[in-house]
Amino acid sequence: MLYSPKVAAFIQPSLSHWPSLLHSRLYIQTQNSTSRERERGESEREMGVDLRQVVAGILTVTMFVMLGNMIKREHFDSAEKKLPGVREDTTYDSSEHVITVTRKNAVGPWKEDDEELKRCWSNPNLASDDSKGFITFSLTNGPEYHVSQVADAVVAARHLGATLVLPDIRGSEVGDKRSFGDIYDVHKFIRSLNGVVKIARQQPSDLPETLAVVKVPNRVTRDHVIKDVEPIFKKRGSIRLATYFPSVNMRGPTQKSETDSIACLAMFSALELRPEVQEVVDSIVERLRALSRKSDGQFLAVDIRVEMLSKKSCQTGRSCYGAREIAEFLQKVGFDKDTTIYLTQSRWDNSLNALKDIFPKTYTKEGIVPADKKAKFLGSENSEFEKVIDYYICAQSDVFVPAISGLFYANVAGKRIASGKTQILVPTNIKDSSAPPTEFISSYVAKKNHLAYSCFC
């Protein structure tokens with residue numbers, strides 16, 4: 001058996017002097033007890049016990065108890081140093097048997113979260129129990145669109161006095177269709193809208209398969225519903241609603257109205273992931289935090305998708321940044337090379353190497369999703385799950401960096417503002433070497449002009 005130098009230092013002299021120590025101890029005890037031994041010599045011989053053997057046994061046991069305690073203490077100390085999360089910059093105060101852990105500040109421009117905001121909208125008065133017809137709709141293109149599509153459908157149904165049919169979810173490929181409950185919490189959705197609009201879990205069998213499709217712009221207004229939707233609804237009795245996005249407009253209204261309260265409720269309270277999907281998101285977040293011990297469990301999420309960077313919108317003036325530009329930006333604002341980074345890119349692409357070379361702890365979903373969940377949540381046929389995972393991890397990360405402007409950035413920003421996670425850094429003016437990190441704070445936060453600030457106080 002191998003012992004540490006501390007234990008070996010105790011063992012070696014003890015063993016080398018053990019015969020002489022034992023002999024001296026036994027000699028003294030034997031001389032002092034000579035007369036007593038003579039008196040009870042007969043009885044000892046009858047019992048078959050040698051006093052010297054007893055003493056030697058006691059001393060041997062004592063020595064091994066002391067040695068065992070030393071080995072046990074040393075093993076505990078070394079094991080404590082190896083415990084997950086225990087670092088060199090961790091200090092312990094064990095006075096009065098209370099252990100507290102104090103960590104030094106991590107390297108980089110990390111900041112504490114703001115306080116979570118409280119909702120400042122009031123639920124509208126109860127809707128009438130009498131339904132004047134049905135509105136159906138689908139969720140498409142990913143969670144950043146789902147949020148807006150739900151809000152517009154609820155606003156329209158509320159003003160028309162219609163029953164809203166629980167939507168299905170459709171992917172970008174033909175035939176890619178799944179139920180609402182595959183991704184979102186049905187009970188939470190219905191409960192959050194109770195008294196605002198009536199919800200039907202399924203489309204009534206007496207409705208025709210094909211309904212009149214009415215398109216409405218994102219953030220539809222009451223006036224638009226009255227002018228362009230209500231006449232068709234009254235004539236047909238039921239309609240299918242489709243939201244289109246003429247622009248990305250997530251700025252708050254100049255004046256509040258009941259429509260804004262309904263939209264706030266639908267956008268920030270109605271949609272929650274079903275427990276199984278939420279568990280996958282939570283497990284990825286926990287893994288990222290475990291990998292981020294050198295930054296106190298903080299990690300950074302970057303929305304960067306290679307296929308988007310090659311599209312025309314990114315080539316003609318849209319704010320889009322590649323891996324090398326993002327790496328230079330993160331270095332510039334002060335993030336350390338040990339920073340853990342999560343990318344929304346699903347599969348690793350060689351173009352991302354420029355980022356990983358500078359920040360080695362950079363991951364995509366395929367490298368960090370639990371092994372037993374990959375078959376269900378990754379793959380071309382599960383693209384909706386992948387989009388949802390990206391959206392909610394970007395909403396929960398300690399820092400969010402949108403490499404691509406658009407609705408994903410806008411709606412993730414709203415969710416983060418509501419929860420107090422306002423560290424959103426936008427890589428504009430990267431070449432300006434004199435700009436401080438505060439220069440890159442999202443205007444949604446710096447100017448507090450996001451819709452979320454009108455929904456939360």
# chains A, B, ... in the order shown; residues from 1 in each chain; ligands from 1
>>> residues_around(residues="segment 242-249 of chain A", least_positions_apart="2", cutoff="10 Å", atoms="only C-alpha atoms", output="NGL selection string")
:A and (136-140 or 145-146 or 148-153 or 213-220 or 239-240 or 251-252 or 405-411 or 450-451)
>>> residues_around(residues="Phe400 of chain A", least_positions_apart="6", cutoff="9 Å", atoms="only C-alpha atoms", output="NGL selection string")
:A and (300-303 or 394 or 412-413 or 421-426)
>>> write_last_selection(atoms="C-alpha atoms", output="short mmCIF file (atom, residue, chain, number, x, y, z; two decimals), in the first residue's frame")
data_model
loop_
_atom_site.label_atom_id
_atom_site.label_comp_id
_atom_site.auth_asym_id
_atom_site.auth_seq_id
_atom_site.Cartn_x
_atom_site.Cartn_y
_atom_site.Cartn_z
CA LEU A 300 -22.98 32.83 -22.64
CA ALA A 301 -25.39 32.00 -25.48
CA VAL A 302 -24.84 33.16 -29.06
CA ASP A 303 -27.57 32.99 -31.70
CA CYS A 394 -30.86 31.80 -24.88
CA VAL A 412 -35.68 36.39 -26.58
CA ALA A 413 -34.86 39.92 -25.40
CA LYS A 421 -31.62 38.90 -17.37
CA THR A 422 -30.80 42.14 -19.15
CA GLN A 423 -27.19 41.45 -20.15
CA ILE A 424 -27.79 41.40 -23.91
CA LEU A 425 -24.74 42.44 -25.91
CA VAL A 426 -25.12 43.39 -29.57
#
>>> atom_distance(atom1="atom CA of Lys337 of chain A", atom2="atom CA of Trp110 of chain A")
13.8 Å
>>> residues_around(residues="Tyr363 of chain A", least_positions_apart="2", cutoff="8 Å", atoms="only C-alpha atoms", output="PyMOL selection string")
chain A and resi 340-343+361+365+367-368
>>> select_by_dssp(residues="segment 179-414 of chain A", states="helix (DSSP H, G or I)", output="count of residues only")
119
>>> select_by_dssp(residues="segment 354-449 of chain A", states="strand (DSSP E)", output="list in words")
Thr362, Tyr363, Val399, Phe400, Val401 and Pro402 of chain A
>>> closest_residue(among="A:Arg347, A:Lys198, A:Phe385, A:Thr428", to="Val280 of chain A", atoms="only C-alpha atoms")
A:Phe385
